[in-house]
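entry.cif (mmCIF, C-alpha atoms)
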```cif
data_run
loop_
_atom_site.label_atom_id
_atom_site.label_comp_id
_atom_site.auth_asym_id
_atom_site.auth_seq_id
_atom_site.Cartn_x
_atom_site.Cartn_y
_atom_site.Cartn_z
CA MET A 300 103.84 122.69 101.14
CA LEU A 301 102.57 126.22 101.64
CA ASP A 302 104.92 129.20 101.76
CA ILE A 303 105.46 129.89 105.47
CA GLN A 304 105.92 133.60 104.70
CA ILE A 305 102.31 133.76 103.48
CA LEU A 306 101.17 132.12 106.71
CA ARG A 307 103.18 134.63 108.73
CA GLY A 308 101.81 137.54 106.74
CA ASP A 309 98.13 136.59 106.36
CA ILE A 310 97.25 133.51 108.36
CA GLU A 311 93.59 134.52 108.64
CA GLY A 312 93.33 134.77 104.86
CA VAL A 313 95.00 131.38 104.38
CA ALA A 314 92.69 129.83 106.97
CA LYS A 315 89.65 131.17 105.12
CA ARG A 316 90.82 129.71 101.80
CA LEU A 317 91.56 126.35 103.42
CA ALA A 318 88.16 126.34 105.14
CA ALA A 319 86.59 126.39 101.66
CA ARG A 320 88.06 122.93 101.12
CA GLY A 321 87.02 121.64 104.54
CA TYR A 322 90.36 122.05 106.32
CA ALA A 323 90.46 123.82 109.69
CA LEU A 324 93.85 125.49 110.07
CA ASP A 325 95.01 125.48 113.70
CA ILE A 326 95.98 129.14 113.91
CA GLY A 327 96.65 128.93 117.65
CA ARG A 328 99.14 126.11 117.24
CA PHE A 329 100.97 127.91 114.43
CA ASN A 330 101.20 131.11 116.47
CA GLU A 331 102.46 129.11 119.47
CA LEU A 332 105.23 127.53 117.39
CA GLU A 333 106.13 130.89 115.87
CA THR A 334 106.35 132.44 119.34
CA GLN A 335 108.73 129.67 120.43
CA ARG A 336 110.86 130.12 117.31
CA LYS A 337 111.09 133.88 117.74
CA ALA A 338 111.96 133.57 121.44
CA ILE A 339 114.79 131.14 120.68
CA GLN A 340 116.15 133.34 117.90
CA VAL A 341 115.95 136.50 120.05
CA ARG A 342 117.70 134.72 122.93
CA THR A 343 120.35 133.44 120.52
CA GLN A 344 121.02 136.94 119.23
CA GLU A 345 121.23 138.32 122.78
CA LEU A 346 123.74 135.65 123.80
CA GLN A 347 125.83 136.16 120.67
CA ALA A 348 125.99 139.89 121.41
CA ARG A 349 126.96 139.23 125.05
CA ARG A 350 129.63 136.75 124.00
CA ASN A 351 131.10 139.21 121.50
CA ALA A 352 131.18 141.96 124.12
CA ALA A 353 132.70 139.65 126.73
CA SER A 354 135.33 138.45 124.29
CA LYS A 355 136.45 142.04 123.79
CA LEU A 356 136.66 142.52 127.57
CA ILE A 357 138.81 139.40 127.84
CA GLY A 358 141.19 140.82 125.26
CA GLN A 359 141.36 144.15 127.02
CA ALA A 360 141.95 142.53 130.43
CA LYS A 361 144.76 140.37 129.10
CA ALA A 362 146.34 143.33 127.38
CA LYS A 363 146.50 145.11 130.74
CA GLY A 364 147.75 142.00 132.54
CA GLY A 365 144.52 141.65 134.51
CA ASP A 366 142.57 138.57 135.60
CA ALA A 367 140.01 137.55 132.91
CA SER A 368 139.00 134.22 134.44
CA GLU A 369 135.59 135.41 135.62
CA ILE A 370 134.72 136.82 132.19
CA MET A 371 136.04 133.65 130.52
CA ALA A 372 133.77 131.55 132.73
CA GLU A 373 130.83 133.71 131.67
CA VAL A 374 131.75 133.25 128.00
CA ALA A 375 131.91 129.47 128.54
CA ASP A 376 128.42 129.49 130.08
CA ILE A 377 127.14 131.58 127.18
CA GLY A 378 128.70 129.12 124.75
CA ASN A 379 127.01 126.16 126.43
CA GLU A 380 123.60 127.82 126.26
CA LEU A 381 124.15 128.84 122.64
CA LYS A 382 125.08 125.28 121.76
CA GLN A 383 121.89 123.98 123.35
CA LEU A 384 119.76 126.56 121.54
CA GLU A 385 121.39 126.04 118.14
CA SER A 386 121.74 122.25 118.23
CA THR A 387 118.59 121.23 120.09
CA ALA A 388 116.00 123.92 120.83
CA LEU A 389 115.86 125.65 117.43
CA PRO A 390 116.04 122.43 115.31
CA GLY A 391 113.33 120.97 117.54
CA VAL A 392 110.85 123.78 117.01
CA LEU A 393 111.69 124.01 113.30
CA ALA A 394 110.95 120.28 112.98
CA GLU A 395 107.59 120.85 114.68
CA ILE A 396 106.82 123.70 112.29
CA ASP A 397 107.78 121.51 109.34
CA ALA A 398 105.52 118.70 110.60
CA PHE A 399 102.70 121.22 111.07
CA LEU A 400 103.10 122.51 107.49
CA SER A 401 103.47 119.05 105.94
CA VAL A 402 99.84 118.05 106.60
CA ILE A 403 98.25 121.31 105.41
CA PRO A 404 96.69 120.92 101.94
CA ASN A 405 97.27 123.33 99.10
CA THR A 406 95.12 126.45 98.91
CA PRO A 407 92.63 126.35 96.03
CA HIS A 408 93.08 128.70 93.09
CA GLU A 409 90.60 131.58 93.00
CA SER A 410 88.89 130.03 89.94
CA VAL A 411 87.97 126.82 91.78
CA PRO A 412 84.23 126.54 92.56
CA VAL A 413 83.38 126.34 96.26
CA GLY A 414 81.64 123.14 97.36
CA ASP A 415 81.63 120.48 100.05
CA ASP A 416 81.91 117.35 97.89
CA GLU A 417 81.55 116.03 94.34
CA THR A 418 78.04 117.51 94.09
CA GLY A 419 79.73 120.91 93.92
CA ASN A 420 81.80 120.05 90.83
CA VAL A 421 81.08 122.05 87.69
CA GLU A 422 80.66 120.46 84.27
CA VAL A 423 82.83 122.24 81.71
CA ARG A 424 81.93 120.35 78.52
CA LYS A 425 80.66 117.11 77.03
CA VAL A 426 82.30 115.58 73.97
CA GLY A 427 80.84 112.97 71.64
CA SER A 428 77.58 111.07 71.90
CA LYS A 429 76.40 108.22 74.07
CA PRO A 430 76.23 104.95 72.13
CA ALA A 431 72.78 103.56 71.30
CA PHE A 432 72.13 99.84 71.75
CA ASP A 433 69.20 97.77 70.53
CA PHE A 434 69.99 95.00 73.02
CA GLN A 435 70.47 94.64 76.77
CA VAL A 436 73.97 95.94 77.54
CA LYS A 437 76.37 93.92 79.68
CA ASP A 438 78.93 95.30 82.09
CA HIS A 439 82.66 94.81 81.58
CA VAL A 440 82.83 91.92 84.05
CA GLU A 441 80.24 89.87 82.20
CA LEU A 442 81.79 90.77 78.86
CA GLY A 443 85.35 89.97 79.98
CA GLU A 444 84.36 86.65 81.52
CA GLY A 445 82.34 85.80 78.40
CA LEU A 446 85.47 86.38 76.33
CA LYS A 447 87.38 84.01 78.66
CA GLY A 448 89.86 86.81 79.26
CA LEU A 449 88.96 88.26 82.66
CA ASP A 450 89.51 86.07 85.72
CA PHE A 451 88.98 87.43 89.23
CA GLU A 452 88.78 84.02 90.91
CA THR A 453 92.31 83.00 89.95
CA ALA A 454 93.62 86.47 90.81
CA ALA A 455 92.07 86.13 94.28
CA LYS A 456 93.77 82.74 94.70
CA ILE A 457 97.14 84.22 93.70
CA SER A 458 96.89 87.47 95.65
CA GLY A 459 93.52 88.29 97.20
CA SER A 460 90.54 90.52 96.57
CA ARG A 461 90.78 93.59 94.35
CA PHE A 462 93.25 92.00 91.98
CA SER A 463 92.54 90.91 88.41
CA LEU A 464 93.97 88.53 85.84
CA LEU A 465 93.75 89.26 82.12
CA LYS A 466 94.42 86.56 79.55
CA GLY A 467 94.71 86.09 75.81
CA PRO A 468 93.45 88.77 73.40
CA LEU A 469 91.96 90.78 76.29
CA ALA A 470 95.41 91.08 77.86
CA ARG A 471 96.73 92.14 74.47
CA LEU A 472 93.98 94.77 74.20
CA HIS A 473 95.04 96.13 77.59
CA ARG A 474 98.64 96.33 76.36
CA ALA A 475 97.51 97.87 73.07
CA LEU A 476 95.77 100.68 74.92
CA ALA A 477 98.92 101.53 76.88
CA GLN A 478 101.10 101.41 73.74
CA PHE A 479 98.66 103.59 71.81
CA MET A 480 98.59 106.17 74.61
CA LEU A 481 102.39 106.27 74.88
CA ASP A 482 102.88 106.63 71.14
CA MET A 483 100.33 109.42 70.87
CA HIS A 484 101.75 111.43 73.77
CA VAL A 485 105.32 111.06 72.53
CA ASP A 486 104.74 111.48 68.80
CA GLN A 487 101.94 114.06 68.79
CA HIS A 488 102.03 115.83 72.16
CA GLY A 489 105.76 116.26 72.65
CA TYR A 490 106.36 114.26 75.84
CA ALA A 491 109.60 112.39 76.52
CA GLU A 492 109.01 108.80 77.56
CA ALA A 493 110.39 107.78 80.96
CA TYR A 494 110.86 104.35 82.50
CA VAL A 495 110.95 104.77 86.27
CA PRO A 496 111.34 102.72 89.48
CA TYR A 497 108.20 101.19 90.94
CA LEU A 498 109.68 101.33 94.44
CA VAL A 499 110.56 104.73 95.88
CA ASN A 500 111.92 106.06 99.15
CA ALA A 501 110.06 108.09 101.75
CA ASP A 502 111.61 111.37 100.59
CA SER A 503 110.02 110.89 97.18
CA MET A 504 106.63 110.25 98.75
CA ARG A 505 106.98 113.36 100.90
CA GLY A 506 107.99 115.41 97.89
CA THR A 507 104.73 114.88 96.02
CA GLY A 508 102.52 114.97 99.12
CA GLN A 509 101.68 111.32 99.77
CA LEU A 510 103.54 111.39 103.09
CA PRO A 511 102.95 111.87 105.90
CA LYS A 512 99.19 112.33 105.51
CA PHE A 513 98.34 109.30 103.34
CA GLU A 514 100.57 106.60 104.82
CA ASP A 515 97.61 104.21 105.21
CA ASP A 516 96.81 104.39 101.50
CA LEU A 517 100.27 103.17 100.49
CA PHE A 518 101.90 99.76 100.25
CA ARG A 519 105.03 99.97 102.40
CA VAL A 520 107.94 97.57 101.84
CA PRO A 521 110.33 97.54 104.82
CA ARG A 522 113.79 96.13 104.26
CA GLN A 523 116.93 95.72 106.34
CA MET A 524 119.76 97.68 104.73
CA GLY A 525 122.77 96.28 106.62
CA GLU A 526 124.32 98.68 109.11
CA ALA A 527 121.95 101.42 107.93
CA GLY A 528 119.09 99.55 109.58
CA GLU A 529 115.56 99.33 108.24
CA GLN A 530 114.63 101.54 105.30
CA ASN A 531 111.08 101.82 104.06
CA PHE A 532 110.37 101.64 100.37
CA TYR A 533 106.93 102.30 98.95
CA LEU A 534 105.21 100.86 95.88
CA ILE A 535 104.25 103.82 93.73
CA PRO A 536 100.56 104.85 93.76
CA THR A 537 101.16 106.61 90.42
CA ALA A 538 104.10 107.43 88.14
CA GLU A 539 103.65 111.03 89.28
CA VAL A 540 105.84 110.21 92.28
CA PRO A 541 109.06 109.01 90.60
CA VAL A 542 108.73 111.28 87.56
CA THR A 543 108.13 114.50 89.51
CA ASN A 544 110.93 113.62 91.93
CA MET A 545 113.37 113.60 89.03
CA VAL A 546 113.82 117.33 89.77
CA ARG A 547 113.86 117.03 93.58
CA GLY A 548 116.76 119.07 94.96
CA GLU A 549 117.68 120.29 91.48
CA ILE A 550 118.02 123.75 89.91
CA VAL A 551 117.25 123.33 86.22
CA THR A 552 117.95 125.87 83.51
CA LEU A 553 115.33 128.27 82.22
CA GLU A 554 115.99 126.96 78.71
CA SER A 555 115.04 123.39 79.75
CA LEU A 556 111.45 124.41 80.55
CA PRO A 557 108.89 123.10 80.07
CA GLN A 558 109.91 119.55 80.94
CA LYS A 559 107.26 117.06 79.82
CA TYR A 560 107.37 113.34 80.59
CA VAL A 561 105.06 110.39 80.01
CA ALA A 562 105.43 107.07 81.82
CA HIS A 563 103.50 103.82 81.76
CA THR A 564 103.63 102.00 85.10
CA PRO A 565 101.60 99.77 87.33
CA CYS A 566 100.11 101.66 90.28
CA PHE A 567 99.58 100.23 93.75
CA ARG A 568 96.99 101.53 96.22
CA SER A 569 95.69 99.97 99.40
CA GLU A 570 92.34 101.77 98.99
CA ALA A 571 92.19 102.09 102.77
CA GLY A 572 89.50 104.75 102.61
CA SER A 573 87.23 103.04 100.09
CA ALA A 574 85.93 99.95 101.90
CA GLY A 575 82.87 98.59 100.12
CA ARG A 576 83.21 100.87 97.09
CA ASP A 577 83.40 99.46 93.55
CA THR A 578 84.10 95.94 94.68
CA ARG A 579 82.91 94.52 91.35
CA GLY A 580 85.22 94.62 88.39
CA LEU A 581 88.22 96.69 87.38
CA ILE A 582 87.19 100.13 88.60
CA ARG A 583 88.98 100.12 91.98
CA GLN A 584 91.90 97.70 92.23
CA HIS A 585 94.98 97.37 94.43
CA GLN A 586 97.07 97.12 91.25
CA PHE A 587 96.29 98.82 87.95
CA ASP A 588 98.15 100.36 85.02
CA LYS A 589 98.23 104.02 84.13
CA VAL A 590 99.90 106.21 81.54
CA GLU A 591 100.88 109.36 83.44
CA LEU A 592 101.64 112.81 82.07
CA VAL A 593 103.91 115.08 84.15
CA GLN A 594 105.04 118.62 83.42
CA MET A 595 107.50 120.91 85.21
CA VAL A 596 106.98 124.45 83.95
CA HIS A 597 107.63 128.16 84.47
CA PRO A 598 105.13 129.57 87.01
CA GLU A 599 103.81 132.11 84.49
CA SER A 600 102.70 129.37 82.08
CA SER A 601 101.34 126.71 84.44
CA TYR A 602 97.64 127.38 83.84
CA GLU A 603 98.13 127.42 80.08
CA ALA A 604 100.00 124.12 80.54
CA LEU A 605 97.09 122.69 82.53
CA GLU A 606 94.63 123.35 79.72
CA SER A 607 96.94 121.72 77.17
CA LEU A 608 97.51 118.71 79.45
CA VAL A 609 93.75 118.19 79.76
CA GLY A 610 93.53 118.38 75.98
CA HIS A 611 96.21 115.70 75.61
CA ALA A 612 94.25 113.31 77.82
CA GLU A 613 91.00 114.12 75.99
CA ALA A 614 92.63 113.36 72.63
CA ILE A 615 93.00 109.69 73.61
CA LEU A 616 89.26 109.37 74.26
CA GLN A 617 88.45 111.20 71.04
CA LYS A 618 90.61 108.81 69.01
CA LEU A 619 88.85 105.88 70.70
CA ASN A 620 85.48 107.50 69.89
CA LEU A 621 84.37 107.35 73.53
CA HIS A 622 81.85 109.80 74.94
CA TYR A 623 83.07 111.76 77.97
CA ARG A 624 82.73 114.95 79.93
CA VAL A 625 85.18 117.31 81.65
CA VAL A 626 84.36 118.65 85.13
CA LYS A 627 86.16 121.17 87.29
CA LEU A 628 86.48 119.92 90.85
CA CYS A 629 85.18 122.07 93.66
CA THR A 630 87.18 122.98 96.76
CA GLY A 631 85.80 120.07 98.77
CA ASP A 632 86.63 117.38 96.19
CA MET A 633 90.20 118.29 95.21
CA GLY A 634 93.27 116.26 96.09
CA PHE A 635 95.59 117.26 98.91
CA SER A 636 98.34 118.83 96.78
CA SER A 637 96.20 120.38 94.06
CA ALA A 638 95.44 124.05 93.47
CA THR A 639 93.15 123.28 90.51
CA THR A 640 91.88 119.96 89.13
CA TYR A 641 89.89 118.87 86.10
CA ASP A 642 88.46 115.36 86.02
CA ILE A 643 87.70 113.65 82.74
CA GLU A 644 84.82 111.20 83.13
CA VAL A 645 84.05 108.58 80.51
CA TRP A 646 80.54 107.27 79.86
CA LEU A 647 79.92 103.66 80.99
CA PRO A 648 76.63 102.42 79.54
CA ALA A 649 76.24 99.42 81.87
CA GLN A 650 76.40 101.73 84.89
CA ASN A 651 74.45 104.44 83.08
CA THR A 652 76.84 107.04 84.47
CA TYR A 653 80.15 108.83 83.96
CA ARG A 654 83.26 107.55 85.77
CA GLU A 655 86.60 109.26 86.26
CA ILE A 656 89.25 108.12 83.82
CA SER A 657 91.72 110.98 84.25
CA SER A 658 92.45 113.63 86.84
CA CYS A 659 94.57 116.59 85.68
CA SER A 660 95.97 118.98 88.27
CA ASN A 661 98.12 122.08 88.65
CA PHE A 662 99.96 121.98 91.97
CA GLU A 663 101.57 125.37 91.41
CA SER A 664 104.66 125.53 93.71
CA PHE A 665 103.22 123.23 96.42
CA GLN A 666 105.16 120.10 95.44
CA ALA A 667 108.22 122.04 94.27
CA ARG A 668 108.57 123.68 97.70
CA ARG A 669 108.50 120.27 99.39
CA MET A 670 111.08 118.96 96.92
CA GLN A 671 113.11 122.18 96.56
CA ALA A 672 112.72 121.82 92.78
CA ARG A 673 113.80 125.09 91.19
CA PHE A 674 114.94 126.80 88.00
CA ARG A 675 117.13 129.84 87.37
CA ASN A 676 114.93 132.68 86.22
CA ALA A 677 115.89 135.38 83.70
CA ALA A 678 117.79 137.22 86.44
CA GLY A 679 119.77 134.07 87.26
CA LYS A 680 118.10 133.59 90.64
CA PRO A 681 116.64 130.25 91.82
CA GLU A 682 112.83 130.17 91.73
CA LEU A 683 110.37 127.36 92.48
CA LEU A 684 108.95 125.43 89.54
CA HIS A 685 105.27 124.73 89.04
CA THR A 686 104.38 121.04 88.63
CA LEU A 687 101.39 119.43 86.92
CA ASN A 688 100.23 115.93 86.18
CA GLY A 689 97.34 113.97 84.76
CA SER A 690 96.37 110.49 83.67
CA GLY A 691 96.67 110.00 79.98
CA LEU A 692 94.84 107.63 80.71
CA ALA A 693 94.11 105.03 83.40
CA VAL A 694 94.56 101.90 81.26
CA GLY A 695 92.23 99.54 83.14
CA ARG A 696 89.37 102.03 83.19
CA THR A 697 89.91 102.72 79.48
CA LEU A 698 89.65 98.98 78.88
CA VAL A 699 86.36 98.99 80.82
CA ALA A 700 85.09 101.84 78.65
CA VAL A 701 86.09 100.12 75.41
CA LEU A 702 84.44 96.85 76.43
CA GLU A 703 81.16 98.45 77.45
CA ASN A 704 80.89 101.05 74.68
CA CYS A 705 82.08 98.80 71.85
CA GLN A 706 80.13 95.66 72.78
CA GLN A 707 78.00 93.88 70.23
CA ASN A 708 74.85 91.80 70.57
CA ASP A 709 76.75 88.49 70.70
CA GLY A 710 79.11 89.66 73.46
CA SER A 711 82.00 90.36 71.08
CA ILE A 712 83.88 93.67 71.08
CA ALA A 713 84.41 95.87 68.03
CA ILE A 714 87.99 97.02 68.47
CA PRO A 715 88.43 100.78 67.88
CA GLU A 716 90.18 101.40 64.58
CA VAL A 717 93.21 103.14 66.13
CA LEU A 718 93.96 100.04 68.21
CA ARG A 719 93.82 97.51 65.40
CA PRO A 720 97.47 97.94 64.31
CA TYR A 721 98.46 97.09 67.91
CA MET A 722 96.21 94.01 67.77
CA GLY A 723 97.77 92.51 64.64
CA GLY A 724 94.90 93.82 62.52
CA LEU A 725 92.19 92.16 64.62
CA ALA A 726 88.87 94.04 64.24
CA VAL A 727 86.60 92.06 66.56
CA LEU A 728 87.36 90.42 69.89
CA LYS A 729 85.46 87.15 70.34
CA ALA A 730 85.53 84.32 72.85
#
```
Translate the structure of the given file into structure tokens.
Amino acid sequence: MLDIQILRGDIEGVAKRLAARGYALDIGRFNELETQRKAIQVRTQELQARRNAASKLIGQAKAKGGDASEIMAEVADIGNELKQLESTALPGVLAEIDAFLSVIPNTPHESVPVGDDETGNVEVRKVGSKPAFDFQVKDHVELGEGLKGLDFETAAKISGSRFSLLKGPLARLHRALAQFMLDMHVDQHGYAEAYVPYLVNADSMRGTGQLPKFEDDLFRVPRQMGEAGEQNFYLIPTAEVPVTNMVRGEIVTLESLPQKYVAHTPCFRSEAGSAGRDTRGLIRQHQFDKVELVQMVHPESSYEALESLVGHAEAILQKLNLHYRVVKLCTGDMGFSSATTYDIEVWLPAQNTYREISSCSNFESFQARRMQARFRNAAGKPELLHTLNGSGLAVGRTLVAVLENCQQNDGSIAIPEVLRPYMGGLAVLKA
């Protein structure tokens, strides 16, 4: 959520920055709500002053033995109006302001390139080399089915479209990737491992920016909670939600920063806005696994932290000897909560293109303001944290990359050396 004081002080400047990412800020509506708020607060102050003055007159009249009933009636009327303003009118307009702010995306950092869509993204670097094949390459679907380990038909029978079933050594390879990622981030990159709930409440979704704007992209699980009535839970779209919300409503110590967590979870997305896209294979599923990196840091170090977080995700691909590139997203392609985002895109030879395998973002104070996640600064005063996250990596897409880049002429897969200890020493995956 944006700082309302910045909107009050420079709404035209904020509108210009938001326009760069394709969002039209309704300045008129904001000014209308602000006018209502100010009018209520001015009226409240006037009534409080009148009530204080009248109360003194009542005391004076009683001291002289006079009749104070008329003044007391006036004070009662003032009290009734004050009650209505304080309990109904002001909370009502503040709720409208909060709703207005909750759907405004973050303003892009000044370093973000301006562009309308992904064509405006800027390539930062390429790492490694594309593999050379002396045979016709197969895609991951053909390879997985040839290994008797990838079964979409049975998954569709169990659940529906955009679900997958992994079996045998291929399922173990999927698990090996997740274990390798976790071990590397904990042992070499200094993250603390977290095991988190897969169902979260609406407050957690609001805190990281999924609600209210992206309700249709979520899997909602309504449940009757006795006398409390129905409460909505949501299946997590990423571990970012439960991990970042660990500090919701908290004031952590300066000494505890930075806080760095890694979590391996399934992720659930309805993909409401992607009809017809990537319907073949594992690229875009309703359920997939991801190893997520989350950091809560001091505001002064958040951009240094972003660069290191990107490096941690890259290190996984380097150990797997997979060719990739890093791109900086333009204003028109960034996520709702992000101030700056790098995407890491792995090379997929069967598609002859790069595909996103990690997205690493600095949200600055945007999420922390929604969550009221703070730390005590050197002066002992509460200050908003900066939050960051990134995939380290998306496990299913990494499996796709390993299958396609490590395929051999007979359809077998040469298992990357770093994964072999997790595969019981197996070097080649065959049918």
**the PyMOL selection byres ((chain A and resi 338-345) around 8) resolved against shown file, as a ChimeraX atom specification** = /A:334-337,346-349,381,384-385,388-389
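If you measure from each of A:Leu581, A:Ala672, A:Ile403, A:Ile714 to Ile303 of chain A using all atoms listed in the file, the closest one turns out to be A:Ile403.
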**Request:** In Å, rounded to a single decimal, give me how far atom CA of Cys705 of chain A is from atom CA of Glu613 of chain A.
**Result:** 18.2 Å
**A:Gln487, A:Leu725, A:Glu514, A:Thr552 ranked by distance to Pro681 of chain A, top pick (using only C-alpha atoms)** =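 Counting only C-alpha atoms, the residue closest to Pro681 of chain A is A:Thr552.
The gap separating atom CA of Asp482 of chain A from atom CA of Leu698 of chain A is 17.1 Å, in Å to one decimal.
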**Message:** I need the output of the PyMOL selection byres ((chain A and resi 548) around 8) for this file as a count of residues only; which residues are they?
**Reply:** 8
**Item:** Which residue of A:Arg669, A:His622, A:His473, A:Arg328 approaches Arg654 of chain A most closely, using all atoms listed in the file
**Value:**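 Of A:Arg669, A:His622, A:His473, A:Arg328, the one nearest Arg654 of chain A is A:His622, counting all atoms listed in the file.
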**Asked** In Å, how far is it from atom CA of Asp415 of chain A to atom CA of Met633 of chain A?
**Response**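 Distance between the two atoms: 10.1 Å.
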**Long-range neighbours of Asn651 of chain A as a list of chain:residue names, 12 Å cut-off, all atoms listed in the file, 2 positions minimum in chain** =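 Contacts, with the query itself left out: A:Lys429, A:Pro430, A:Ala431, A:Val436, A:Lys437, A:Asp438, A:Val645, A:Trp646, A:Leu647, A:Pro648, A:Ala649, A:Tyr653, A:Arg654, A:Ala700, A:Glu703, A:Asn704.
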**Item:** Polymer residues at most 10 Å from Leu556 of chain A, all atoms listed in the file, same-chain spacing of 4 or more positions, as number ranges by chain
**Value:** A: 551-552, 594-597, 674, 684
